[in-house]
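The file protein31.csv comes next; it holds CSV, C-alpha atoms and all ligand atoms.
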chain,number,residue,atom,x,y,z
A,122,MET,CA,33.4,27.5,20.3
A,123,ARG,CA,35.6,26.1,23.1
A,124,HIS,CA,39.3,26.3,23.7
A,125,LEU,CA,41.5,24.4,26.2
A,126,MET,CA,43.9,26.6,28.1
A,127,SER,CA,43.9,24.8,31.5
A,128,PRO,CA,42.4,21.5,32.8
A,129,LEU,CA,40.0,23.7,34.8
A,130,ASP,CA,38.3,24.7,31.5
A,131,PHE,CA,36.5,21.3,31.8
A,132,ASN,CA,34.5,20.4,34.9
A,133,VAL,CA,35.0,17.0,36.5
A,134,ASP,CA,32.0,15.5,34.6
A,135,GLU,CA,33.3,16.8,31.3
A,136,LEU,CA,36.8,15.4,32.1
A,137,ASP,CA,35.3,12.1,33.0
A,138,LYS,CA,33.5,12.0,29.6
A,139,ILE,CA,36.7,12.8,27.8
A,140,LEU,CA,38.5,10.0,29.6
A,141,ASP,CA,35.6,7.6,28.9
A,142,LEU,CA,35.8,8.5,25.3
A,143,ALA,CA,39.5,8.0,25.3
A,144,ALA,CA,39.1,4.5,26.8
A,145,ASP,CA,36.5,3.6,24.2
A,146,ILE,CA,38.9,4.8,21.5
A,147,GLU,CA,41.6,2.6,22.9
A,148,ALA,CA,39.3,-0.4,22.9
A,149,ASN,CA,37.6,0.2,19.5
A,150,PRO,CA,40.0,2.3,17.4
A,151,GLN,CA,38.3,1.3,14.1
A,152,LYS,CA,35.1,2.9,15.1
A,153,TYR,CA,36.8,6.3,15.0
A,154,ALA,CA,39.0,5.8,12.0
A,155,HIS,CA,36.9,8.2,9.7
A,156,ALA,CA,35.4,10.5,12.4
A,157,CYS,CA,37.4,13.5,11.3
A,158,GLU,CA,37.6,12.9,7.6
A,159,GLY,CA,38.1,16.3,5.8
A,160,LYS,CA,39.2,18.0,9.0
A,161,LYS,CA,42.7,19.5,9.6
A,162,ILE,CA,44.7,20.2,12.7
A,163,ALA,CA,47.4,22.9,12.7
A,164,THR,CA,50.2,22.3,15.1
A,165,LEU,CA,52.0,25.6,15.8
A,166,PHE,CA,55.0,24.8,17.9
A,167,TYR,CA,57.3,27.7,18.8
A,168,GLU,CA,59.2,25.4,21.2
A,169,PRO,CA,60.8,21.9,20.9
A,170,SER,CA,58.5,18.9,21.3
A,171,THR,CA,58.4,15.2,20.4
A,172,ARG,CA,55.5,13.6,22.1
A,173,THR,CA,53.0,16.5,22.2
A,174,ARG,CA,53.3,17.5,18.6
A,175,LEU,CA,53.5,14.1,17.1
A,176,SER,CA,50.8,12.6,19.3
A,177,PHE,CA,48.4,15.5,18.2
A,178,GLU,CA,49.3,14.7,14.6
A,179,ALA,CA,49.0,10.9,15.1
A,180,ALA,CA,45.6,11.6,16.9
A,181,MET,CA,44.2,13.5,13.9
A,182,LEU,CA,45.6,11.0,11.4
A,183,ASN,CA,44.0,8.1,13.4
A,184,LEU,CA,40.7,10.0,13.1
A,185,GLY,CA,41.0,10.1,9.3
A,186,GLY,CA,41.9,13.9,9.3
A,187,SER,CA,45.0,15.7,8.1
A,188,VAL,CA,47.8,17.8,9.7
A,189,LEU,CA,49.7,20.9,8.9
A,190,GLY,CA,51.9,23.2,10.9
A,191,PHE,CA,55.4,24.1,11.9
A,192,SER,CA,57.8,22.8,14.6
A,193,SER,CA,59.9,25.7,15.4
A,194,ALA,CA,59.6,29.5,15.6
A,195,ASP,CA,62.5,29.9,13.1
A,196,SER,CA,60.6,28.1,10.4
A,197,SER,CA,57.5,30.3,10.8
A,198,SER,CA,56.8,34.1,10.3
A,199,ALA,CA,57.4,34.5,14.0
A,200,ALA,CA,61.0,34.9,12.9
A,201,LYS,CA,59.9,37.9,10.9
A,202,GLY,CA,58.1,39.4,14.0
A,203,GLU,CA,54.5,38.2,13.4
A,204,SER,CA,52.3,38.1,16.5
A,205,VAL,CA,50.5,34.9,17.6
A,206,SER,CA,47.2,36.8,17.1
A,207,ASP,CA,47.9,37.5,13.5
A,208,THR,CA,49.2,34.0,12.9
A,209,ILE,CA,46.1,32.3,14.3
A,210,ARG,CA,43.8,34.6,12.3
A,211,VAL,CA,45.4,33.3,9.2
A,212,ILE,CA,45.6,29.7,10.4
A,213,SER,CA,41.9,29.8,11.1
A,214,CYS,CA,41.4,30.0,7.3
A,215,TYR,CA,43.5,26.9,6.8
A,216,ALA,CA,42.6,24.4,9.6
A,217,ASP,CA,39.7,23.4,11.8
A,218,ILE,CA,41.5,23.3,15.2
A,219,ALA,CA,45.0,24.3,16.4
A,220,ALA,CA,47.4,23.2,19.1
A,221,ILE,CA,49.9,25.9,20.1
A,222,ARG,CA,53.1,25.5,22.2
A,223,HIS,CA,54.9,28.7,23.0
A,224,PRO,CA,57.7,29.7,25.4
A,225,LYS,CA,55.7,32.7,26.7
A,226,GLU,CA,53.1,32.1,29.4
A,227,GLY,CA,49.7,33.1,28.1
A,228,ALA,CA,50.5,33.1,24.4
A,229,PRO,CA,48.0,30.4,23.5
A,230,LEU,CA,45.3,32.4,25.4
A,231,VAL,CA,46.2,35.5,23.5
A,232,ALA,CA,45.9,33.6,20.3
A,233,SER,CA,42.5,32.1,21.3
A,234,LEU,CA,41.0,35.6,21.6
A,235,LYS,CA,41.5,36.2,17.9
A,236,SER,CA,41.0,32.7,16.7
A,237,GLY,CA,38.1,31.5,14.5
A,238,ILE,CA,38.9,27.8,15.4
A,239,PRO,CA,39.3,26.0,18.8
A,240,VAL,CA,42.8,26.5,20.2
A,241,ILE,CA,44.5,24.0,22.5
A,242,ASN,CA,47.3,25.1,24.8
A,243,ALA,CA,50.1,22.5,24.1
A,244,GLY,CA,52.3,24.0,26.8
A,245,ASP,CA,52.9,27.7,27.5
A,246,GLY,CA,56.3,28.5,29.1
A,247,GLY,CA,56.5,27.4,32.8
A,248,HIS,CA,52.7,27.8,33.2
A,249,GLU,CA,50.4,25.0,32.1
A,250,HIS,CA,50.2,21.9,29.9
A,251,PRO,CA,46.6,20.7,30.0
A,252,THR,CA,46.8,17.9,27.4
A,253,GLN,CA,49.7,16.3,29.4
A,254,THR,CA,47.3,16.4,32.3
A,255,LEU,CA,44.6,14.6,30.3
A,256,THR,CA,47.3,12.0,29.5
A,257,ASP,CA,48.3,11.7,33.1
A,258,LEU,CA,44.7,11.4,34.3
A,259,MET,CA,44.0,8.7,31.8
A,260,THR,CA,47.2,6.8,32.9
A,261,ILE,CA,46.3,7.0,36.6
A,262,ARG,CA,42.7,6.1,36.0
A,263,SER,CA,43.5,3.2,33.7
A,264,LEU,CA,46.3,1.7,35.9
A,265,LYS,CA,45.1,2.6,39.4
A,266,GLY,CA,41.4,2.4,38.7
A,267,ARG,CA,40.7,5.7,40.4
A,268,LEU,CA,41.6,9.4,40.5
A,269,GLY,CA,40.9,10.0,44.2
A,270,HIS,CA,42.1,8.4,47.4
A,271,LEU,CA,45.8,8.6,46.4
A,272,THR,CA,49.0,9.8,47.9
A,273,ILE,CA,50.9,11.4,45.0
A,274,GLY,CA,54.6,12.4,45.0
A,275,LEU,CA,55.6,15.1,42.6
A,276,CYS,CA,59.4,15.2,42.3
A,277,GLY,CA,61.9,17.4,40.6
A,278,ASP,CA,61.5,20.8,39.1
A,279,LEU,CA,58.2,21.9,40.6
A,280,LYS,CA,58.9,25.6,39.9
A,281,PHE,CA,59.2,25.5,36.1
A,282,GLY,CA,57.5,22.1,35.5
A,283,ARG,CA,54.2,23.1,33.8
A,284,THR,CA,53.0,19.6,33.7
A,285,VAL,CA,53.0,19.5,37.5
A,286,HIS,CA,51.1,22.8,37.8
A,287,SER,CA,48.3,21.6,35.5
A,288,LEU,CA,48.2,18.1,37.2
A,289,ILE,CA,47.7,19.7,40.6
A,290,ASN,CA,45.0,22.0,39.3
A,291,ALA,CA,43.2,18.9,38.0
A,292,LEU,CA,43.7,16.6,40.9
A,293,VAL,CA,42.5,18.9,43.7
A,294,ARG,CA,39.0,18.3,42.5
A,295,TYR,CA,39.1,14.6,43.4
A,296,PRO,CA,38.5,13.3,46.9
A,297,ASP,CA,41.2,12.5,49.4
A,298,VAL,CA,44.3,13.3,47.3
A,299,THR,CA,47.4,14.0,49.3
A,300,PHE,CA,50.4,15.6,47.6
A,301,VAL,CA,54.0,15.2,48.6
A,302,LEU,CA,56.0,17.9,46.9
A,303,ILE,CA,59.6,16.7,46.6
A,304,SER,CA,62.0,19.3,45.3
A,305,PRO,CA,65.2,21.2,46.1
A,306,GLU,CA,64.6,24.5,47.9
A,307,GLU,CA,65.2,26.5,44.8
A,308,LEU,CA,62.7,24.6,42.7
A,309,ARG,CA,59.7,24.5,45.0
A,310,ILE,CA,56.2,24.9,43.7
A,311,PRO,CA,55.4,28.5,42.8
A,312,ASP,CA,53.4,30.6,45.4
A,313,TYR,CA,50.5,30.9,43.0
A,314,VAL,CA,50.0,27.2,43.0
A,315,ARG,CA,50.7,26.7,46.8
A,316,GLU,CA,48.3,29.6,47.8
A,317,ASP,CA,45.7,29.8,45.1
A,318,VAL,CA,45.3,26.1,44.4
A,319,LEU,CA,46.5,24.0,47.3
A,320,ARG,CA,45.7,26.2,50.3
A,321,LYS,CA,42.5,27.6,48.8
A,322,ASN,CA,41.2,24.1,48.3
A,323,ASN,CA,42.3,23.0,51.8
A,324,GLN,CA,44.3,20.3,50.1
A,325,LYS,CA,46.5,18.0,52.1
A,326,PHE,CA,50.1,18.5,51.1
A,327,LYS,CA,53.7,18.7,52.4
A,328,GLU,CA,56.9,19.9,50.9
A,329,VAL,CA,60.1,17.8,51.4
A,330,THR,CA,63.5,17.6,49.9
A,331,ARG,CA,64.6,14.0,50.2
A,332,LEU,CA,63.0,11.5,47.8
A,333,GLU,CA,64.1,8.5,50.0
A,334,ASP,CA,62.1,9.8,53.0
A,335,ALA,CA,58.9,10.3,50.9
A,336,ILE,CA,58.9,7.3,48.7
A,337,PRO,CA,57.6,4.6,51.1
A,338,GLU,CA,54.2,6.3,51.5
A,339,LEU,CA,53.4,7.0,47.9
A,340,ASP,CA,50.8,5.4,45.6
A,341,LEU,CA,52.2,7.2,42.7
A,342,LEU,CA,55.5,9.0,41.9
A,343,TYR,CA,55.5,11.6,39.2
A,344,MET,CA,59.1,12.4,38.2
A,345,THR,CA,60.0,15.5,36.2
A,346,ARG,CA,63.1,16.8,34.4
A,347,VAL,CA,64.9,20.0,35.5
A,348,GLN,CA,63.7,22.5,32.9
A,349,LYS,CA,67.0,23.6,31.5
A,350,GLU,CA,65.5,26.1,29.1
A,351,ARG,CA,63.8,28.1,31.8
A,352,PHE,CA,67.0,28.7,33.9
A,353,PHE,CA,68.6,32.1,33.7
A,354,ASN,CA,72.1,30.8,34.1
A,355,GLU,CA,73.8,27.5,33.2
A,356,GLU,CA,75.6,27.1,36.5
A,357,ASP,CA,72.3,26.9,38.5
A,358,TYR,CA,71.1,24.3,36.0
A,359,VAL,CA,74.2,22.2,36.3
A,360,ARG,CA,73.9,22.3,40.1
A,361,MET,CA,70.3,21.2,40.1
A,362,LYS,CA,70.1,18.8,37.2
A,363,ASP,CA,71.1,15.5,39.0
A,364,PHE,CA,69.5,16.4,42.3
A,365,TYR,CA,67.2,13.4,42.0
A,366,ILE,CA,67.9,10.1,40.3
A,367,LEU,CA,65.4,7.3,40.8
A,368,ASP,CA,67.2,4.0,40.7
A,369,LYS,CA,66.6,0.4,41.7
A,370,GLN,CA,67.7,1.0,45.2
A,371,LYS,CA,65.2,3.8,45.8
A,372,MET,CA,62.5,1.7,44.1
A,373,SER,CA,63.1,-1.0,46.7
A,374,LEU,CA,61.8,1.5,49.3
A,375,ALA,CA,58.5,1.9,47.5
A,376,LYS,CA,55.2,0.1,47.8
A,377,PRO,CA,54.9,-3.0,45.5
A,378,ASP,CA,52.2,-1.2,43.5
A,379,MET,CA,53.6,2.4,43.5
A,380,MET,CA,53.3,3.6,39.9
A,381,VAL,CA,56.1,5.8,38.4
A,382,LEU,CA,55.0,8.4,35.9
A,383,HIS,CA,57.1,10.9,33.9
A,384,PRO,CA,55.8,13.2,31.1
A,385,LEU,CA,59.1,12.6,29.3
A,386,PRO,CA,61.6,13.5,28.0
A,387,ARG,CA,63.7,12.0,30.7
A,388,VAL,CA,67.3,13.2,31.2
A,389,ASN,CA,69.0,11.5,34.2
A,390,GLU,CA,66.2,11.6,36.8
A,391,ILE,CA,65.1,8.0,36.2
A,392,SER,CA,67.9,5.5,35.7
A,393,THR,CA,67.2,3.2,32.7
A,394,GLU,CA,67.5,0.3,35.1
A,395,VAL,CA,64.0,1.2,36.4
A,396,ASP,CA,62.5,0.8,32.9
A,397,ASP,CA,61.9,-2.9,33.3
A,398,ASP,CA,60.3,-2.6,36.7
A,399,PRO,CA,56.5,-3.4,36.3
A,400,ARG,CA,55.8,-0.2,38.2
A,401,ALA,CA,57.4,2.0,35.6
A,402,ALA,CA,54.5,3.4,33.5
A,403,TYR,CA,56.0,6.3,31.6
A,404,PHE,CA,56.1,4.7,28.2
A,405,LYS,CA,52.6,3.4,28.6
A,406,GLN,CA,51.7,7.0,29.6
A,407,ALA,CA,53.0,8.4,26.3
A,408,GLN,CA,50.7,5.9,24.5
A,409,TYR,CA,47.7,7.1,26.4
A,410,GLY,CA,48.5,10.6,25.1
A,411,VAL,CA,47.3,9.7,21.6
A,412,TYR,CA,43.9,8.4,22.8
A,413,VAL,CA,43.1,11.4,25.0
A,414,ARG,CA,44.1,13.8,22.2
A,415,MET,CA,41.8,11.9,19.9
A,416,ALA,CA,39.0,12.3,22.5
A,417,LEU,CA,39.9,16.0,22.9
A,418,ILE,CA,39.8,16.7,19.2
A,419,LEU,CA,36.4,15.0,18.8
A,420,THR,CA,35.1,16.9,21.8
A,421,LEU,CA,36.2,20.4,20.7
A,422,LEU,CA,35.1,19.8,17.1
A,423,GLU,CA,31.8,18.4,18.5
A,424,VAL,CA,32.1,15.3,16.4
A,425,LYS,CA,29.8,12.5,17.6
A,426,VAL,CA,30.6,8.9,16.8
A,427,CYS,CA,27.7,6.4,17.4
A,501,LIG,C1,56.8,18.1,29.0
A,501,LIG,C2,56.7,19.6,28.6
A,501,LIG,O1,56.9,19.9,27.5
A,501,LIG,O2,56.4,20.4,29.5
A,501,LIG,N1,56.9,17.3,27.9
A,501,LIG,C3,55.8,16.8,27.3
A,501,LIG,O3,55.0,17.5,26.7
A,501,LIG,N2,55.6,15.5,27.4
A,501,LIG,C4,57.8,17.9,30.1
A,501,LIG,C5,59.2,18.4,29.9
A,501,LIG,O4,59.5,18.9,28.8
A,501,LIG,O5,60.0,18.2,30.8

As structure tokens, what does this structure read like?
Ligand code: NCD
Amino acid sequence: MRHLMSPLDFNVDELDKILDLAADIEANPQKYAHACEGKKIATLFYEPSTRTRLSFEAAMLNLGGSVLGFSSADSSSAAKGESVSDTIRVISCYADIAAIRHPKEGAPLVASLKSGIPVINAGDGGHEHPTQTLTDLMTIRSLKGRLGHLTIGLCGDLKFGRTVHSLINALVRYPDVTFVLISPEELRIPDYVREDVLRKNNQKFKEVTRLEDAIPELDLLYMTRVQKERFFNEEDYVRMKDFYILDKQKMSLAKPDMMVLHPLPRVNEISTEVDDDPRAAYFKQAQYGVYVRMALILTLLEVKVC
């Protein structure tokens, strides 16, 4: 039985297979409409979510399966003090696969150790978010045609932004990727990513503060929200929250085919005037999230569709 805690749990070949399957699902959805009949996914969300939880549920429904779960810690026995380990032991009797989001780093991993069913990390604190990475990879591969030979700007809250940590982990395995890490001083990428992932892999990267300076060289700009819920005090958040705002004027400095991604939700960091720019791909990205989650469910449940 396999779980998914980090994008590194799949090797590049396995990732490619999942992305190929997701592309086939996009092209031939009817072929997969009954693939998971009789199966259930449990979505155990101890933190707010719109896209991740609902796209997991849509994914299972599209495969002919069913869904159960909770969308906040308050509405589960966590409010009574139950551990994730006990919860997953019980959920293993009710469902075939589970997606867990939790504010504590490592909670889905702890759950997986006691689980009788595959567990997917749907975001653990400021740590990792591997299914957003699958979504991002599918978006990049579909719209750019490749996952290597790219200069990628990651902009915003690189300290607490778990989607950025997982995306870097995944992309260092493709050839000739250069990262431009754009953040305020206080929100720079954590040391464990800089040292253990970027430096260890001899990755080309630089850290800068000004988006305007970085934007002209980018093939792709990945914007992120300042992660309000991870700040210790409101004042620091208020000081940081509008540090970057991507608008038409900044887009005019970018290459004509520079793609803009964002895991969403957006707050102020991308002005709505950018939404109509053909380079804005963040809503398309959310749509890809359903196909990759369908592919992931099929893979972890070892369901073959001929
Ligand atoms: C992201 C997350 O939860 O980390 N959202 C998502 O899953 N699409 C990004 C965010 O909340 O900023």

Excluding same-chain residues fewer than 4 positions from Leu319 of chain A, what lies within 9 Å of it counting all atoms listed in the file, as a PDB file with C-alpha atoms, in the coordinates of the input?
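Output file out08.pdb follows:
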ATOM      1  CA  ILE A 289      47.700  19.700  40.600  1.00  0.00           C
ATOM      2  CA  ASN A 290      45.000  22.000  39.300  1.00  0.00           C
ATOM      3  CA  VAL A 293      42.500  18.900  43.700  1.00  0.00           C
ATOM      4  CA  VAL A 314      50.000  27.200  43.000  1.00  0.00           C
ATOM      5  CA  ARG A 315      50.700  26.700  46.800  1.00  0.00           C
ATOM      6  CA  ASN A 323      42.300  23.000  51.800  1.00  0.00           C
ATOM      7  CA  GLN A 324      44.300  20.300  50.100  1.00  0.00           C
ATOM      8  CA  LYS A 325      46.500  18.000  52.100  1.00  0.00           C
ATOM      9  CA  PHE A 326      50.100  18.500  51.100  1.00  0.00           C
TER      10      PHE A 326
END

Within 9 Å of ligand LIG 501 (chain A), counting only C-alpha atoms and all ligand atoms: which residues, as number ranges by chain?
-> A: 168-174, 222, 243-247, 249-250, 252-253, 278, 281-285, 345-349, 383-388, 407, 410

Counting only C-alpha atoms, the residue of A:Gly202, A:Ser127, A:Ser176, A:Ile146 that sits nearest Glu226 of chain A =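 Comparing A:Gly202, A:Ser127, A:Ser176, A:Ile146 against Glu226 of chain A, the winner is A:Ser127.
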
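With distances taken over all atoms listed in the file, A:Val381 is the one residue among A:Leu275, A:Ala228, A:Val381, A:Ile162 lying closest to Pro399 of chain A.
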
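Among A:Thr272, A:Leu182, A:Asp312, A:Asp396, the residue with the shortest atom-to-atom distance to Ala335 of chain A, counting all atoms listed in the file, is A:Thr272.
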
Within-10 Å shell of (51.1, 25.1, 11.9) in input frame, only C-alpha atoms, as a PyMOL selection string | chain A and resi 162-167+188-193+197+208-209+212+215-216+219-221

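Atom pair atom CA of Gly269 of chain A / atom CA of Val298 of chain A has a distance of 5.7 Å (rounded to one decimal).
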
Taken to one decimal, the atom CA of Tyr313 of chain A-atom CA of Lys280 of chain A distance is 10.4 Å

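Note that atom CA of Arg331 of chain A and atom CA of Glu356 of chain A are 21.9 Å apart.
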
Residue with smallest distance to Arg267 of chain A - pool A:His248, A:Asn389, A:Asp340, A:Tyr403, counting all atoms listed in the file | A:Asp340

Could you pull the residues within 8 Å of Met415 of chain A, counting all atoms listed in the file, minus those fewer than 2 positions along the same chain, as a short mmCIF file (atom, residue, chain, number, x, y, z; two decimals) with C-alpha atoms, in the frame of the given file?
data_model
loop_
_atom_site.label_atom_id
_atom_site.label_comp_id
_atom_site.auth_asym_id
_atom_site.auth_seq_id
_atom_site.Cartn_x
_atom_site.Cartn_y
_atom_site.Cartn_z
CA ALA A 143 39.50 8.00 25.30
CA ILE A 146 38.90 4.80 21.50
CA PHE A 177 48.40 15.50 18.20
CA ALA A 180 45.60 11.60 16.90
CA MET A 181 44.20 13.50 13.90
CA ASN A 183 44.00 8.10 13.40
CA LEU A 184 40.70 10.00 13.10
CA VAL A 411 47.30 9.70 21.60
CA TYR A 412 43.90 8.40 22.80
CA VAL A 413 43.10 11.40 25.00
CA LEU A 417 39.90 16.00 22.90
CA ILE A 418 39.80 16.70 19.20
CA LEU A 419 36.40 15.00 18.80
#

Residue with smallest distance to Ala156 of chain A - pool A:Glu423, A:Asp363, A:Asp398, A:Glu307, counting all atoms listed in the file =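 Closest residue, counting all atoms listed in the file: A:Glu423.
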